[in-house]
$ cat upload_4.txt   # compact mmCIF, N, CA and C atoms
# COMPACT_ATOMS: atom_id res chain seq x y z
N MET A 1 1.56 -1.06 1.05
CA MET A 1 1.00 -1.74 -0.11
C MET A 1 -0.38 -1.17 -0.39
N GLU A 2 -0.66 -0.86 -1.63
CA GLU A 2 -1.96 -0.34 -2.02
C GLU A 2 -3.01 -1.43 -1.92
N GLU A 3 -4.25 -1.05 -1.67
CA GLU A 3 -5.35 -2.01 -1.57
C GLU A 3 -5.47 -2.84 -2.85
N SER A 4 -5.29 -2.21 -4.01
CA SER A 4 -5.41 -2.94 -5.29
C SER A 4 -4.31 -3.99 -5.45
N ASP A 5 -3.20 -3.84 -4.73
CA ASP A 5 -2.12 -4.84 -4.79
C ASP A 5 -2.51 -6.13 -4.06
N ASN A 6 -3.55 -6.06 -3.24
CA ASN A 6 -3.98 -7.23 -2.46
C ASN A 6 -5.09 -8.02 -3.15
N ASP A 7 -5.47 -7.65 -4.35
CA ASP A 7 -6.54 -8.32 -5.09
C ASP A 7 -5.90 -9.25 -6.12
N TRP A 8 -5.87 -10.51 -5.83
CA TRP A 8 -5.26 -11.49 -6.73
C TRP A 8 -6.36 -12.27 -7.42
N ARG A 9 -6.27 -12.35 -8.73
CA ARG A 9 -7.25 -13.10 -9.51
C ARG A 9 -6.57 -14.32 -10.12
N MET A 10 -7.21 -15.45 -9.95
CA MET A 10 -6.70 -16.71 -10.51
C MET A 10 -7.68 -17.16 -11.58
N GLN A 11 -7.16 -17.63 -12.69
CA GLN A 11 -8.01 -18.04 -13.80
C GLN A 11 -7.49 -19.32 -14.41
N ASP A 12 -8.42 -20.20 -14.79
CA ASP A 12 -8.08 -21.43 -15.48
C ASP A 12 -9.07 -21.60 -16.62
N ILE A 13 -8.58 -22.01 -17.77
CA ILE A 13 -9.42 -22.23 -18.94
C ILE A 13 -9.20 -23.66 -19.42
N PHE A 14 -10.31 -24.36 -19.66
CA PHE A 14 -10.20 -25.71 -20.22
C PHE A 14 -11.39 -25.97 -21.12
N PHE A 15 -11.35 -27.09 -21.83
CA PHE A 15 -12.41 -27.46 -22.77
C PHE A 15 -12.96 -28.82 -22.37
N LEU A 16 -14.27 -28.99 -22.46
CA LEU A 16 -14.91 -30.24 -22.08
C LEU A 16 -14.54 -31.36 -23.03
N ALA A 17 -14.24 -32.52 -22.48
CA ALA A 17 -13.88 -33.69 -23.28
C ALA A 17 -15.12 -34.46 -23.73
N GLU A 18 -16.25 -34.21 -23.07
CA GLU A 18 -17.51 -34.86 -23.43
C GLU A 18 -18.65 -33.96 -23.01
N ASP A 19 -19.86 -34.22 -23.52
CA ASP A 19 -21.03 -33.45 -23.09
C ASP A 19 -21.19 -33.57 -21.58
N TRP A 20 -21.63 -32.48 -20.95
CA TRP A 20 -21.76 -32.46 -19.49
C TRP A 20 -23.02 -31.69 -19.11
N THR A 21 -23.80 -32.25 -18.22
CA THR A 21 -25.01 -31.59 -17.73
C THR A 21 -24.72 -30.99 -16.36
N SER A 22 -24.95 -29.69 -16.24
CA SER A 22 -24.73 -28.99 -14.98
C SER A 22 -25.75 -29.46 -13.94
N PRO A 23 -25.29 -29.88 -12.77
CA PRO A 23 -26.23 -30.29 -11.72
C PRO A 23 -26.97 -29.10 -11.11
N TRP A 24 -26.49 -27.88 -11.32
CA TRP A 24 -27.11 -26.69 -10.74
C TRP A 24 -28.18 -26.11 -11.63
N THR A 25 -27.97 -26.15 -12.96
CA THR A 25 -28.92 -25.52 -13.88
C THR A 25 -29.65 -26.51 -14.77
N GLY A 26 -29.11 -27.74 -14.89
CA GLY A 26 -29.69 -28.72 -15.81
C GLY A 26 -29.30 -28.48 -17.25
N LYS A 27 -28.49 -27.43 -17.51
CA LYS A 27 -28.08 -27.09 -18.88
C LYS A 27 -27.05 -28.10 -19.38
N ILE A 28 -27.21 -28.51 -20.64
CA ILE A 28 -26.27 -29.42 -21.27
C ILE A 28 -25.19 -28.60 -21.95
N ASN A 29 -23.96 -28.84 -21.60
CA ASN A 29 -22.81 -28.17 -22.21
C ASN A 29 -22.14 -29.16 -23.14
N LYS A 30 -21.98 -28.78 -24.38
CA LYS A 30 -21.48 -29.67 -25.42
C LYS A 30 -19.97 -29.89 -25.33
N LYS A 31 -19.55 -31.05 -25.81
CA LYS A 31 -18.13 -31.38 -25.92
C LYS A 31 -17.41 -30.24 -26.64
N ASP A 32 -16.18 -29.96 -26.22
CA ASP A 32 -15.32 -28.91 -26.76
C ASP A 32 -15.74 -27.49 -26.35
N SER A 33 -16.76 -27.36 -25.48
CA SER A 33 -17.13 -26.04 -24.97
C SER A 33 -16.03 -25.54 -24.04
N GLN A 34 -15.75 -24.24 -24.11
CA GLN A 34 -14.75 -23.64 -23.22
C GLN A 34 -15.36 -23.38 -21.86
N VAL A 35 -14.62 -23.72 -20.82
CA VAL A 35 -15.02 -23.44 -19.44
C VAL A 35 -13.94 -22.56 -18.83
N THR A 36 -14.35 -21.43 -18.26
CA THR A 36 -13.42 -20.49 -17.63
C THR A 36 -13.76 -20.39 -16.15
N LEU A 37 -12.82 -20.74 -15.32
CA LEU A 37 -12.98 -20.62 -13.88
C LEU A 37 -12.18 -19.42 -13.40
N VAL A 38 -12.83 -18.57 -12.61
CA VAL A 38 -12.13 -17.39 -12.06
C VAL A 38 -12.44 -17.32 -10.57
N SER A 39 -11.39 -17.05 -9.81
CA SER A 39 -11.54 -16.91 -8.37
C SER A 39 -10.70 -15.73 -7.91
N THR A 40 -11.15 -15.05 -6.89
CA THR A 40 -10.36 -13.96 -6.31
C THR A 40 -10.03 -14.30 -4.87
N THR A 41 -8.95 -13.76 -4.41
CA THR A 41 -8.55 -13.96 -3.04
C THR A 41 -7.94 -12.67 -2.51
N HIS A 42 -8.04 -12.44 -1.24
CA HIS A 42 -7.48 -11.25 -0.62
C HIS A 42 -6.21 -11.65 0.12
N ILE A 43 -5.11 -11.00 -0.20
CA ILE A 43 -3.83 -11.27 0.42
C ILE A 43 -3.54 -10.18 1.44
N ASN A 44 -3.31 -10.56 2.67
CA ASN A 44 -2.98 -9.58 3.71
C ASN A 44 -1.50 -9.33 3.77
$ encode --input "upload_4.txt" --output "structure tokens"
Amino acid sequence: MEESDNDWRMQDIFFLAEDWTSPWTGKINKKDSQVTLVSTTHIN
């Protein structure tokens, strides 16, 4: 198996149902803003 075959990317996209303040940055994200979560994992 090639090394690139072991790189799996998972992605989820959703939209905020209400305004949300990030606890990490203090930034206010408005209702209906798109949020994209991406994670990678290594498969042996």
$ residues_around --input "upload_4.txt" --residues "range 6-15 of chain A" --least-positions-apart "5" --cutoff "6 Å" --atoms "all atoms listed in the file" --output "ChimeraX atom specification"
/A:32-43
$ axis_aligned_box --input "upload_4.txt" --around "range 6-17 of chain A" --padding-each-side "6 Å" --output "JSON"
{"center_x": -9.3, "center_y": -20.3, "center_z": -13.1, "size_x": 23.6, "size_y": 40.4, "size_z": 33.3}
$ residues_around --input "upload_4.txt" --residues "Lys30 in chain A" --least-positions-apart "2" --cutoff "9 Å" --atoms "only C-alpha atoms" --output "ChimeraX atom specification"
/A:16-21,28,32-33
